[in-house]
Amino acid sequence: MLSARLTADGSFSLHSDSFAESFHSSDGALKEANSKFVLPAQLDRFPDGSDLRVLDVCFGLGYNTAALMSALPNAGGPSLQCWGLELDRSPLRLALAEPTFQALWPPHVVACLEALSAEGCWQDSDRQQSVQMLWGDARQQLQNLPKDLQLDLILLDAFSPGKCPQLWSEEFLQSLASLLAPGGRLLTYCRAAAVRNSLRHAGLELRSLLPKAGEKSGWSSGTVALCSKDRDQTPPEMGPGWCGLSVMEEEHLQTRAGVPYRDPSGTDVAASILKRRQQEQALSHRSSTSAWQRKWGLLREASN
């Protein structure tokens with residue numbers, strides 16, 4: 001069951017009763033897409049005539065792809081190839097039925113979203129842009145991406161790890177990391193220690209998204225994971241809206257919160273993945289997450 005929500009910036013969103021979570025921060029669906037995905041993508045890195053290959057994991061209402069497309073130049077710019085992974089067709093259909101949602105985007109973006117909802121694909125030869133949906137379980141649909149694909153951007157926007165651990169497992173994140181081109185970036189709102197550890201184990205360099213003034217997320221608003229397969233290529237320490245992990249964040253990775261979600265077969269249900277992690281945490285010699293919270297005053301912050 002999905003119900004409509006209006007976020008603080010006036011943009012339309014949805015709440016899922018099945019996951020007991022909203023699709024976006026209450027601060028604003030459009031604001032979240034721009035600040036957590038478009039800004040750290042640094043689209044100006046892709047000049048006229050270059051290739052920009054993007055994977056949008058958990059396409060949902062389409063905000064992240066739509067915001068990215070809207071931020072590209074009206075003329076010229078890179079050649080965009082985008083793939084969307086999504087289990088449920090309903091969010092996009094419900095969003096397109098909302099006039100205020102359609103009003104957010106340029107006409108070609110609305111046309112793209114409508115074509116994706118109806119046909120699963122869209123192409124604009126003049127703009128050199130194409131988007132294709134892969135409907136179904138993202139873990140299996142990864143196998144249907146083009147062979148030898150190297151992605152410049154992965155936008156990971158699944159429901160939270162505690163609700164949808166299937167798409168935050170060490171195995172799934174390793175699969176995503178292996179698709180990144182040198183210099184590629186995986187962008188996500190998630191700051192969970194388990195997820196960051198898995199991304200680091202996959203060979204990616206971690207950076208922290210800086211929270212905006214007054215943002216409810218507190219000490220971090222997400223993660224940028226950078227691919228540096230070329231030994232001579234050093235990922236930047238800072239960028240628009242992000243910086244290196246703080247000492248506090250590094251210590252977070254060493255706590256029991258840093259125990260990864262595991263899904264060896266790529267087919268487990270959420271309950272099995274969560275139970276497996278709880279058992280591993282119980283046997284872990286890592287320090288407790290509550291001790292880390294007390295050290296850094298985060299328990300007091302949460303109670304205020």
# chains A, B, ... in the order shown; residues from 1 in each chain; ligands from 1
$ select_by_dssp --residues "range 79-219 of chain A" --states "helix (DSSP H, G or I)" --output "PyMOL selection string"
chain A and resi 90-96+99-102+107-119+138-144+165-167+170-178+193-201
$ residues_around --residues "range 45-56 of chain A" --least-positions-apart "4" --cutoff "8 Å" --atoms "only C-alpha atoms" --output "list in words"
Asn64, Thr65, Gly76, Gly77, Pro78, Ser79, Leu80, Gln81, Cys82, Trp83, Gly84, Leu85, Gln150, Leu151, Asp152, Leu153, Ile154, Leu155, Leu156 and Asp157 of chain A
$ write_last_selection --atoms "N, CA, C and O atoms" --output "compact mmCIF listing (two decimals), in the first residue's frame"
# COMPACT_ATOMS: atom_id res chain seq x y z
N ASN A 64 15.60 10.83 -8.93
CA ASN A 64 17.04 10.98 -9.09
C ASN A 64 17.45 11.06 -10.57
O ASN A 64 18.25 11.92 -10.95
N THR A 65 16.89 10.19 -11.39
CA THR A 65 17.18 10.26 -12.82
C THR A 65 16.63 11.54 -13.42
O THR A 65 17.29 12.21 -14.24
N GLY A 76 24.09 20.18 -26.39
CA GLY A 76 25.43 19.67 -26.15
C GLY A 76 25.44 18.79 -24.91
O GLY A 76 24.48 18.09 -24.62
N GLY A 77 26.51 18.85 -24.19
CA GLY A 77 26.62 18.02 -23.00
C GLY A 77 26.98 16.59 -23.33
O GLY A 77 27.17 16.21 -24.50
N PRO A 78 27.08 15.75 -22.32
CA PRO A 78 27.48 14.36 -22.56
C PRO A 78 26.35 13.54 -23.16
O PRO A 78 25.18 13.90 -23.09
N SER A 79 26.72 12.41 -23.73
CA SER A 79 25.76 11.44 -24.22
C SER A 79 25.36 10.55 -23.05
O SER A 79 26.19 9.85 -22.46
N LEU A 80 24.07 10.59 -22.68
CA LEU A 80 23.58 9.90 -21.48
C LEU A 80 23.00 8.54 -21.83
O LEU A 80 22.13 8.41 -22.67
N GLN A 81 23.51 7.52 -21.15
CA GLN A 81 22.90 6.20 -21.16
C GLN A 81 22.59 5.85 -19.71
O GLN A 81 23.50 5.82 -18.87
N CYS A 82 21.33 5.57 -19.42
CA CYS A 82 20.91 5.33 -18.04
C CYS A 82 20.07 4.06 -17.98
O CYS A 82 19.27 3.79 -18.87
N TRP A 83 20.27 3.32 -16.91
CA TRP A 83 19.48 2.13 -16.63
C TRP A 83 18.85 2.29 -15.25
O TRP A 83 19.49 2.75 -14.31
N GLY A 84 17.59 1.90 -15.14
CA GLY A 84 16.89 1.95 -13.86
C GLY A 84 16.53 0.57 -13.38
O GLY A 84 16.07 -0.27 -14.18
N LEU A 85 16.76 0.30 -12.11
CA LEU A 85 16.36 -0.96 -11.49
C LEU A 85 15.22 -0.68 -10.52
O LEU A 85 15.35 0.18 -9.64
N GLN A 150 30.76 -0.24 -17.94
CA GLN A 150 31.48 0.50 -16.91
C GLN A 150 30.70 1.79 -16.65
O GLN A 150 30.52 2.62 -17.55
N LEU A 151 30.27 1.94 -15.42
CA LEU A 151 29.38 3.04 -15.06
C LEU A 151 30.15 4.22 -14.47
O LEU A 151 31.11 4.04 -13.71
N ASP A 152 29.67 5.41 -14.79
CA ASP A 152 30.25 6.62 -14.20
C ASP A 152 29.56 6.99 -12.89
O ASP A 152 30.19 7.55 -12.00
N LEU A 153 28.28 6.68 -12.79
CA LEU A 153 27.51 7.00 -11.60
C LEU A 153 26.57 5.86 -11.26
O LEU A 153 25.91 5.30 -12.14
N ILE A 154 26.50 5.52 -9.98
CA ILE A 154 25.48 4.63 -9.46
C ILE A 154 24.73 5.39 -8.38
O ILE A 154 25.34 5.88 -7.42
N LEU A 155 23.43 5.51 -8.54
CA LEU A 155 22.58 6.20 -7.58
C LEU A 155 21.83 5.13 -6.79
O LEU A 155 20.95 4.45 -7.32
N LEU A 156 22.20 4.96 -5.53
CA LEU A 156 21.65 3.87 -4.71
C LEU A 156 20.68 4.45 -3.70
O LEU A 156 21.08 5.10 -2.73
N ASP A 157 19.38 4.19 -3.92
CA ASP A 157 18.34 4.86 -3.14
C ASP A 157 17.27 3.87 -2.66
O ASP A 157 16.08 4.16 -2.70
$ closest_atom_pairs --of "range 107-195 of chain A" --to "range 247-265 of chain A" --cutoff "9 Å" --atoms "only C-alpha atoms" --output "tab-separated table"
residue	atom	partner	partner_atom	distance
A:Pro161	CA	A:Tyr261	CA	8.3
A:Pro165	CA	A:Tyr261	CA	6.5
A:Gln166	CA	A:Asp263	CA	7.0
A:Trp168	CA	A:Tyr261	CA	6.7
A:Ser169	CA	A:Tyr261	CA	4.5
A:Glu170	CA	A:Arg262	CA	5.7
A:Glu171	CA	A:Asp263	CA	6.4
A:Phe172	CA	A:Asp263	CA	7.9
A:Ala192	CA	A:Ala257	CA	7.6
A:Ala193	CA	A:Gly258	CA	4.5
A:Ala194	CA	A:Gly258	CA	4.0
A:Val195	CA	A:Pro260	CA	6.7
$ write_last_selection --atoms "C-alpha atoms" --output "PDB file, in the first residue's frame"
ATOM      1  CA  PRO A 161      19.166  -1.371   5.401  1.00  0.00           C
ATOM      2  CA  PRO A 165      18.868  -5.450   3.612  1.00  0.00           C
ATOM      3  CA  GLN A 166      18.780  -7.343   0.301  1.00  0.00           C
ATOM      4  CA  TRP A 168      22.661  -3.327   1.098  1.00  0.00           C
ATOM      5  CA  SER A 169      24.373  -6.699   1.447  1.00  0.00           C
ATOM      6  CA  GLU A 170      28.117  -6.999   1.046  1.00  0.00           C
ATOM      7  CA  GLU A 171      27.575  -9.186  -2.009  1.00  0.00           C
ATOM      8  CA  PHE A 172      25.214  -6.769  -3.765  1.00  0.00           C
ATOM      9  CA  ALA A 192      25.262   3.141   7.965  1.00  0.00           C
ATOM     10  CA  ALA A 193      28.557   1.684   9.162  1.00  0.00           C
ATOM     11  CA  ALA A 194      27.708  -1.737   7.712  1.00  0.00           C
ATOM     12  CA  VAL A 195      27.176  -0.233   4.264  1.00  0.00           C
TER      13      VAL A 195
END
$ residues_around --residues "Leu43 in chain A" --least-positions-apart "4" --cutoff "8 Å" --atoms "only C-alpha atoms" --output "ChimeraX atom specification"
/A:38-39,71-72
$ atom_distance --atom1 "CA of Lys229 in chain A" --atom2 "CA of Leu180 in chain A"
9.1 Å
$ residues_around --residues "Ser22 in chain A" --least-positions-apart "3" --cutoff "12 Å" --atoms "only C-alpha atoms" --output "PyMOL selection string"
chain A and resi 1-7+12-19+25-29+60-61+91+157-160+163
$ residues_around --residues "range 105-117 of chain A" --least-positions-apart "2" --cutoff "9 Å" --atoms "only C-alpha atoms" --output "list in words"
Gly62, Ala66, Ala67, Met69, Ser70, Arg89, Ser90, Leu92, Arg93, Leu96, Phe101, Gln102, Ala103, Glu119, Gly120, Cys121, Trp122, Gln123, Asp124, Ser130, Val131, Gln132 and Met133 of chain A
$ select_by_dssp --residues "range 170-232 of chain A" --states "strand (DSSP E or B)" --output "list of chain:residue names"
A:Leu180, A:Ala181, A:Pro182, A:Gly183, A:Gly184, A:Arg185, A:Leu186, A:Leu187, A:Thr188, A:Glu205, A:Leu206, A:Arg207, A:Ser208, A:Leu209, A:Gly222, A:Thr223, A:Val224, A:Ala225, A:Leu226
$ write_last_selection --atoms "N, CA, C and O atoms" --output "PDB file, in the first residue's frame"
ATOM      1  N   LEU A 180      31.700  -0.054 -11.639  1.00  0.00           N
ATOM      2  CA  LEU A 180      32.158   1.326 -11.742  1.00  0.00           C
ATOM      3  C   LEU A 180      33.415   1.436 -12.608  1.00  0.00           C
ATOM      4  O   LEU A 180      34.354   0.651 -12.478  1.00  0.00           O
ATOM      5  N   ALA A 181      33.410   2.438 -13.468  1.00  0.00           N
ATOM      6  CA  ALA A 181      34.606   2.773 -14.231  1.00  0.00           C
ATOM      7  C   ALA A 181      35.604   3.483 -13.318  1.00  0.00           C
ATOM      8  O   ALA A 181      35.226   4.026 -12.272  1.00  0.00           O
ATOM      9  N   PRO A 182      36.892   3.511 -13.676  1.00  0.00           N
ATOM     10  CA  PRO A 182      37.835   4.320 -12.898  1.00  0.00           C
ATOM     11  C   PRO A 182      37.342   5.762 -12.810  1.00  0.00           C
ATOM     12  O   PRO A 182      36.967   6.362 -13.819  1.00  0.00           O
ATOM     13  N   GLY A 183      37.310   6.299 -11.607  1.00  0.00           N
ATOM     14  CA  GLY A 183      36.775   7.639 -11.401  1.00  0.00           C
ATOM     15  C   GLY A 183      35.275   7.666 -11.182  1.00  0.00           C
ATOM     16  O   GLY A 183      34.696   8.728 -10.920  1.00  0.00           O
ATOM     17  N   GLY A 184      34.632   6.487 -11.299  1.00  0.00           N
ATOM     18  CA  GLY A 184      33.189   6.417 -11.093  1.00  0.00           C
ATOM     19  C   GLY A 184      32.806   6.612  -9.637  1.00  0.00           C
ATOM     20  O   GLY A 184      33.634   6.456  -8.732  1.00  0.00           O
ATOM     21  N   ARG A 185      31.533   6.941  -9.416  1.00  0.00           N
ATOM     22  CA  ARG A 185      31.067   7.234  -8.062  1.00  0.00           C
ATOM     23  C   ARG A 185      29.753   6.509  -7.771  1.00  0.00           C
ATOM     24  O   ARG A 185      28.852   6.496  -8.604  1.00  0.00           O
ATOM     25  N   LEU A 186      29.674   5.935  -6.593  1.00  0.00           N
ATOM     26  CA  LEU A 186      28.416   5.430  -6.062  1.00  0.00           C
ATOM     27  C   LEU A 186      27.938   6.439  -5.030  1.00  0.00           C
ATOM     28  O   LEU A 186      28.677   6.780  -4.105  1.00  0.00           O
ATOM     29  N   LEU A 187      26.710   6.908  -5.194  1.00  0.00           N
ATOM     30  CA  LEU A 187      26.143   7.945  -4.333  1.00  0.00           C
ATOM     31  C   LEU A 187      24.925   7.390  -3.614  1.00  0.00           C
ATOM     32  O   LEU A 187      24.080   6.740  -4.228  1.00  0.00           O
ATOM     33  N   THR A 188      24.835   7.645  -2.313  1.00  0.00           N
ATOM     34  CA  THR A 188      23.696   7.173  -1.544  1.00  0.00           C
ATOM     35  C   THR A 188      23.451   8.072  -0.342  1.00  0.00           C
ATOM     36  O   THR A 188      24.384   8.695   0.184  1.00  0.00           O
ATOM     37  N   GLU A 205      36.809   4.208  -2.209  1.00  0.00           N
ATOM     38  CA  GLU A 205      37.224   5.234  -1.259  1.00  0.00           C
ATOM     39  C   GLU A 205      35.982   5.950  -0.734  1.00  0.00           C
ATOM     40  O   GLU A 205      35.120   6.361  -1.509  1.00  0.00           O
ATOM     41  N   LEU A 206      35.914   6.118   0.586  1.00  0.00           N
ATOM     42  CA  LEU A 206      34.716   6.682   1.196  1.00  0.00           C
ATOM     43  C   LEU A 206      34.848   8.172   1.473  1.00  0.00           C
ATOM     44  O   LEU A 206      35.890   8.648   1.905  1.00  0.00           O
ATOM     45  N   ARG A 207      33.759   8.875   1.200  1.00  0.00           N
ATOM     46  CA  ARG A 207      33.625  10.278   1.579  1.00  0.00           C
ATOM     47  C   ARG A 207      32.238  10.465   2.212  1.00  0.00           C
ATOM     48  O   ARG A 207      31.316   9.678   1.976  1.00  0.00           O
ATOM     49  N   SER A 208      32.107  11.520   3.001  1.00  0.00           N
ATOM     50  CA  SER A 208      30.864  11.767   3.730  1.00  0.00           C
ATOM     51  C   SER A 208      30.138  12.979   3.161  1.00  0.00           C
ATOM     52  O   SER A 208      30.751  14.032   2.931  1.00  0.00           O
ATOM     53  N   LEU A 209      28.836  12.827   2.910  1.00  0.00           N
ATOM     54  CA  LEU A 209      28.031  13.963   2.481  1.00  0.00           C
ATOM     55  C   LEU A 209      27.779  14.882   3.670  1.00  0.00           C
ATOM     56  O   LEU A 209      27.325  14.431   4.725  1.00  0.00           O
ATOM     57  N   GLY A 222      24.895  11.259   4.086  1.00  0.00           N
ATOM     58  CA  GLY A 222      25.048  10.215   3.091  1.00  0.00           C
ATOM     59  C   GLY A 222      26.496   9.894   2.799  1.00  0.00           C
ATOM     60  O   GLY A 222      27.407  10.338   3.508  1.00  0.00           O
ATOM     61  N   THR A 223      26.706   9.123   1.737  1.00  0.00           N
ATOM     62  CA  THR A 223      28.029   8.605   1.427  1.00  0.00           C
ATOM     63  C   THR A 223      28.330   8.746  -0.062  1.00  0.00           C
ATOM     64  O   THR A 223      27.462   8.501  -0.908  1.00  0.00           O
ATOM     65  N   VAL A 224      29.552   9.144  -0.356  1.00  0.00           N
ATOM     66  CA  VAL A 224      30.103   9.113  -1.712  1.00  0.00           C
ATOM     67  C   VAL A 224      31.197   8.050  -1.706  1.00  0.00           C
ATOM     68  O   VAL A 224      32.114   8.106  -0.885  1.00  0.00           O
ATOM     69  N   ALA A 225      31.092   7.070  -2.592  1.00  0.00           N
ATOM     70  CA  ALA A 225      32.107   6.023  -2.698  1.00  0.00           C
ATOM     71  C   ALA A 225      32.759   6.124  -4.070  1.00  0.00           C
ATOM     72  O   ALA A 225      32.085   6.038  -5.096  1.00  0.00           O
ATOM     73  N   LEU A 226      34.067   6.334  -4.091  1.00  0.00           N
ATOM     74  CA  LEU A 226      34.795   6.645  -5.317  1.00  0.00           C
ATOM     75  C   LEU A 226      35.663   5.470  -5.752  1.00  0.00           C
ATOM     76  O   LEU A 226      36.326   4.836  -4.931  1.00  0.00           O
TER      77      LEU A 226
END
$ closest_residue --among "A:Leu173, A:Leu68, A:Leu167, A:Ala8" --to "Phe37 in chain A" --atoms "only C-alpha atoms"
A:Leu68
